[in-house]
Structure formats: C-alpha cells, structure tokens
Amino acid sequence: MIRFGLLGCGRIAKRHSDLLGGGQIHGASLVAVCDSVPARAEAIAGKFGVPAHTDIDEFLVRKEIDAVAVLTPSGMHPQHVIACAKAGKHVVVEKPMALRLQDADDMIRACDEAGVKLFIVKQNRFNVPVVKAREALEAGRFGKLLLGTVRVRWCRDQHYYDQDAWRGTWAYDGGVLTNQASHHIDMLEWFFGDVVSVHARSTTALVKIETEDTAVATLRFKNGALGIIEATTAIRPTDLEGSLSILGEKGTVEIAGFAVNQIRHWRFVDELASDKDVIEKFSVNPPNVYGFGHQAYYQHVIDCLTNQRAALVDGLEGRKSLELISALYESIETGQEVPLRFTPRRSRLGVVA
C-alpha cells in the first residue's frame, strides 16, 4: 500500500482526494492533507477522516506518508517538490511541473539526489481514445506524419480567475498555454516527436489577468511534420472542445469531446476489421474536463513504485513540454520564430510582475 499525502487542497484536489481517499486506486490510500488555508485542508480531511495540516514541515515529517501529490499553484511547485524530496517522499506533481526551466532542473536534481521518484501528471495520455491512437502510431498505421493540431476551447470567466490571487499571474500560474492547454501541448509533442521551432501569438481577450486567455501557434517538427495549437479560455458560455488531430499519409484520427475523450474520426488506408467498432468502443464521456485519466494515471504510479518500473512522464519528460511552452512565450514576446533548444530571455513565465 502506497500512502499518499495531499499538499494543496484547492480546485484540483477534489479529483485527487476522491480517488485516493475513496478507495478507487488499488494499492493506494490517503493518510494526510495540507493547505495554508485551514478551511480547505479541514474540508478534505474531514471527508476522508485523515489529519489536516497548515504547516508543510509538520506535514512532511509524518512517517506514514510515502508519497506526496503536490497540487499547489504552479509557481510554487519547485519549492514544494524539493521539500518533499528532501523529506524522502516520492512526488506526484500536477502540470506544469514548474514555470521556469531552471526550476524544473532543480526539481529533477533534488529528486535524483534524494533517491525518490518524480511523476508529472499528464492524465490525458491515459485516456482510452488516446491510448488507442498511440497504439496505431506505434504500429506504423499513420505512415509519414504530416500535420498535428490541438484545440482547447474552454470557458474560464472572471469569477474563475478571481477565486485565487495567483490565477492568471506570470509568477504563479501562466495563461491558457501553461495551464489549460499544457496537457494538449504535451500530447502533440508525444505523438509527433521533437519540435524544431515555434511561432506564436496571444491576446487577453475577455478577462482581467496578467497573462493570455487566447493563443495560437505553429510548430515545425524534426520529422518534417507541421503543428498547430489553438487555445482559449474565452469561449462563452460553456466549454466547447479539447481535441487532438493526427494526420498522416496513411490515416487520420481526430479525438475530440471536451476532454480529448471521444474519437470523432478514425480512418486508415489499410483498414482492419476492428476499425469499424473503434469509435463506439473507445469513446468515453467524462463528467468534466479532467476526464477519466487520473485513475489510470495513479494506477500507473502505483505500478512504478511497487514494481520499480520507469514512469511514462518523469521529470525529464515533463521538462520537454515545459521547454516547448517556454518557447511559445518567447515567440509571443519577440514576435519571432524561436528554435528549440533555447535559453529563455524575454519570456515572462515564472517572473513576478
């Protein structure tokens, strides 16, 4: 049994606590929670009958905690992950792992030195339709990859950003590219491989925040394919779509729904008998934009910890998508195409205004 503590009891903590505290993850349990806001910590602690803490040092000294799910604002991830590592706890940290590449490097180093595992939450990789598309990719069914696109068309109004002072800030959150679209950007890179360069534009269209609520970008991949990112939280009145399209010389797959959960198009030149049932069998309808991937993700974490397996998204893999996001912001600030690998100079991500 891997015993988890939750560090941070905000919006996303409900999903994590329901899984860990509700007995939905085989081999895992919830044993303690911590948040600087007492009411938040006590609400989750009371629901699952575990201790609540407001002091991180008192929380981390608990010997019964094997691993910590870090669910604090993104800009605070580095200090919290490093503290967990120094306390000898394995770490599951929500996306993005950090806002600055140097911070990501420090987190990876701290976990390596402490001999603990670092897992970055990318639950959409475990969505049933995404897993099926990945199997087709690894089987070579797409042939030469031509074009990949992701579309995040969600609704986050002013009330959402006003819930916490850190939301929509450069220092602690980032904009739609860093927060809401980071999963989709990760999947685009996961399917199409290394990115050569990016060119991006953004605007803050409908809300009063420091960062962007709408952005578009084009990408060039090392394999010759092109990519498009369209991301906005300015859709009104409700969430519309979170999707991934994979276009190759021998096939096309589009996974849509509002949480990359529904196969909308599945066609290949070389058809298999099983293709006719794919759309019906491998589409799921989750209750919210988080989807169902967290449960499969946590089972993967438990498997890695108990059987000493490699993580699908470890610190180095999480850093890759952060570098891509950082390059997008560099392009937005300079107005220029930005090559990967690069050193951020103008990106405001992770910087106090």
# chains A, B, ... in the order shown; residues from 1 in each chain; ligands from 1

call {"tool": "residues_around", "arguments": {"residues": "Cys34 of chain A", "least_positions_apart": "5", "cutoff": "6 Å", "atoms": "only C-alpha atoms", "output": "ChimeraX atom specification"}}
result
/A:7-8,41,52-54

call {"tool": "residues_around", "arguments": {"residues": "segment 209-226 of chain A", "least_positions_apart": "5", "cutoff": "6 Å", "atoms": "only C-alpha atoms", "output": "list in words"}}
result
Leu145, Leu146, Leu147, Gly168, Thr169, Gly174, Gly175, Val176, Asp194, Val195, Val196, Ser197, Val198, His199, Ala200, Arg201, Ser202, Thr203, Thr204, Ala231, Thr232 and Thr233 of chain A

call {"tool": "write_last_selection", "arguments": {"atoms": "N, CA and C atoms", "output": "PDB file, in the first residue's frame"}}
result
ATOM      1  N   LEU A 145       3.986  11.189 -40.851  1.00  0.00           N
ATOM      2  CA  LEU A 145       3.134  12.175 -40.188  1.00  0.00           C
ATOM      3  C   LEU A 145       3.216  13.511 -40.917  1.00  0.00           C
ATOM      4  N   LEU A 146       2.067  14.145 -41.121  1.00  0.00           N
ATOM      5  CA  LEU A 146       2.002  15.382 -41.899  1.00  0.00           C
ATOM      6  C   LEU A 146       1.647  16.596 -41.058  1.00  0.00           C
ATOM      7  N   LEU A 147       0.582  16.481 -40.283  1.00  0.00           N
ATOM      8  CA  LEU A 147       0.061  17.644 -39.560  1.00  0.00           C
ATOM      9  C   LEU A 147      -0.621  17.206 -38.271  1.00  0.00           C
ATOM     10  N   GLY A 168      -3.907  33.385 -13.230  1.00  0.00           N
ATOM     11  CA  GLY A 168      -3.666  34.320 -14.319  1.00  0.00           C
ATOM     12  C   GLY A 168      -2.481  35.234 -14.120  1.00  0.00           C
ATOM     13  N   THR A 169      -1.577  34.886 -13.177  1.00  0.00           N
ATOM     14  CA  THR A 169      -0.371  35.696 -12.947  1.00  0.00           C
ATOM     15  C   THR A 169       0.831  35.009 -13.590  1.00  0.00           C
ATOM     16  N   GLY A 174       0.719  31.430 -15.124  1.00  0.00           N
ATOM     17  CA  GLY A 174       0.790  31.464 -16.575  1.00  0.00           C
ATOM     18  C   GLY A 174      -0.613  31.548 -17.143  1.00  0.00           C
ATOM     19  N   GLY A 175      -0.708  31.572 -18.468  1.00  0.00           N
ATOM     20  CA  GLY A 175      -2.002  31.706 -19.116  1.00  0.00           C
ATOM     21  C   GLY A 175      -2.539  30.402 -19.643  1.00  0.00           C
ATOM     22  N   VAL A 176      -3.363  30.494 -20.679  1.00  0.00           N
ATOM     23  CA  VAL A 176      -4.017  29.303 -21.212  1.00  0.00           C
ATOM     24  C   VAL A 176      -3.005  28.288 -21.751  1.00  0.00           C
ATOM     25  N   ASP A 194      10.063  15.461 -31.395  1.00  0.00           N
ATOM     26  CA  ASP A 194      10.773  16.696 -31.071  1.00  0.00           C
ATOM     27  C   ASP A 194      10.363  17.852 -31.981  1.00  0.00           C
ATOM     28  N   VAL A 195      10.268  19.027 -31.373  1.00  0.00           N
ATOM     29  CA  VAL A 195       9.922  20.254 -32.092  1.00  0.00           C
ATOM     30  C   VAL A 195      11.196  20.990 -32.474  1.00  0.00           C
ATOM     31  N   VAL A 196      11.250  21.475 -33.721  1.00  0.00           N
ATOM     32  CA  VAL A 196      12.403  22.232 -34.198  1.00  0.00           C
ATOM     33  C   VAL A 196      12.260  23.709 -33.874  1.00  0.00           C
ATOM     34  N   SER A 197      11.051  24.264 -34.138  1.00  0.00           N
ATOM     35  CA  SER A 197      10.844  25.689 -33.884  1.00  0.00           C
ATOM     36  C   SER A 197       9.360  25.984 -33.741  1.00  0.00           C
ATOM     37  N   VAL A 198       9.053  27.156 -33.144  1.00  0.00           N
ATOM     38  CA  VAL A 198       7.665  27.573 -32.933  1.00  0.00           C
ATOM     39  C   VAL A 198       7.510  29.050 -33.278  1.00  0.00           C
ATOM     40  N   HIS A 199       6.278  29.422 -33.621  1.00  0.00           N
ATOM     41  CA  HIS A 199       5.927  30.830 -33.808  1.00  0.00           C
ATOM     42  C   HIS A 199       4.537  31.020 -33.232  1.00  0.00           C
ATOM     43  N   ALA A 200       4.385  31.963 -32.288  1.00  0.00           N
ATOM     44  CA  ALA A 200       3.125  32.076 -31.549  1.00  0.00           C
ATOM     45  C   ALA A 200       2.674  33.523 -31.404  1.00  0.00           C
ATOM     46  N   ARG A 201       1.370  33.678 -31.221  1.00  0.00           N
ATOM     47  CA  ARG A 201       0.751  34.970 -30.920  1.00  0.00           C
ATOM     48  C   ARG A 201      -0.278  34.760 -29.821  1.00  0.00           C
ATOM     49  N   SER A 202      -0.538  35.814 -29.050  1.00  0.00           N
ATOM     50  CA  SER A 202      -1.545  35.692 -27.998  1.00  0.00           C
ATOM     51  C   SER A 202      -2.223  37.029 -27.740  1.00  0.00           C
ATOM     52  N   THR A 203      -3.338  36.955 -27.011  1.00  0.00           N
ATOM     53  CA  THR A 203      -4.042  38.163 -26.581  1.00  0.00           C
ATOM     54  C   THR A 203      -4.801  37.845 -25.301  1.00  0.00           C
ATOM     55  N   THR A 204      -5.130  38.873 -24.568  1.00  0.00           N
ATOM     56  CA  THR A 204      -6.008  38.729 -23.406  1.00  0.00           C
ATOM     57  C   THR A 204      -7.331  39.363 -23.810  1.00  0.00           C
ATOM     58  N   ALA A 231      -5.633  27.699 -28.570  1.00  0.00           N
ATOM     59  CA  ALA A 231      -6.017  27.563 -27.167  1.00  0.00           C
ATOM     60  C   ALA A 231      -6.682  28.838 -26.668  1.00  0.00           C
ATOM     61  N   THR A 232      -7.833  28.675 -26.026  1.00  0.00           N
ATOM     62  CA  THR A 232      -8.524  29.826 -25.459  1.00  0.00           C
ATOM     63  C   THR A 232      -9.382  29.406 -24.280  1.00  0.00           C
ATOM     64  N   THR A 233      -9.496  30.292 -23.307  1.00  0.00           N
ATOM     65  CA  THR A 233     -10.466  30.123 -22.227  1.00  0.00           C
ATOM     66  C   THR A 233     -11.576  31.163 -22.371  1.00  0.00           C
TER      67      THR A 233
END

call {"tool": "select_by_dssp", "arguments": {"residues": "segment 235-332 of chain A", "states": "strand (DSSP E or B)", "output": "ChimeraX atom specification"}}
result
/A:241-248,251-256,262-268

call {"tool": "atom_distance", "arguments": {"atom1": "atom CA of Asp103 of chain A", "atom2": "atom CA of Lys117 of chain A"}}
result
16.7 Å

call {"tool": "closest_residue", "arguments": {"among": "A:Ile255, A:Ile246, A:Leu60, A:Cys9", "to": "Gly143 of chain A", "atoms": "only C-alpha atoms"}}
result
A:Ile246

call {"tool": "closest_residue", "arguments": {"among": "A:Ala28, A:Val121, A:Ile263, A:Ile302", "to": "Glu280 of chain A", "atoms": "only C-alpha atoms"}}
result
A:Ile263

call {"tool": "atom_distance", "arguments": {"atom1": "atom CA of Asp275 of chain A", "atom2": "atom CA of Gly148 of chain A"}}
result
21.0 Å

call {"tool": "residues_around", "arguments": {"residues": "Val92 of chain A", "least_positions_apart": "5", "cutoff": "8 Å", "atoms": "only C-alpha atoms", "output": "list in words"}}
result
Ala67, Val68, Ala69, Val70, Leu118, Phe119, Ile120 and Val121 of chain A

call {"tool": "closest_residue", "arguments": {"among": "A:Ile44, A:Leu312, A:Leu340, A:Ala171", "to": "His16 of chain A", "atoms": "only C-alpha atoms"}}
result
A:Ile44

call {"tool": "closest_residue", "arguments": {"among": "A:Ile2, A:Ile25, A:Ala104, A:Ala98", "to": "Ile65 of chain A", "atoms": "only C-alpha atoms"}}
result
A:Ile2
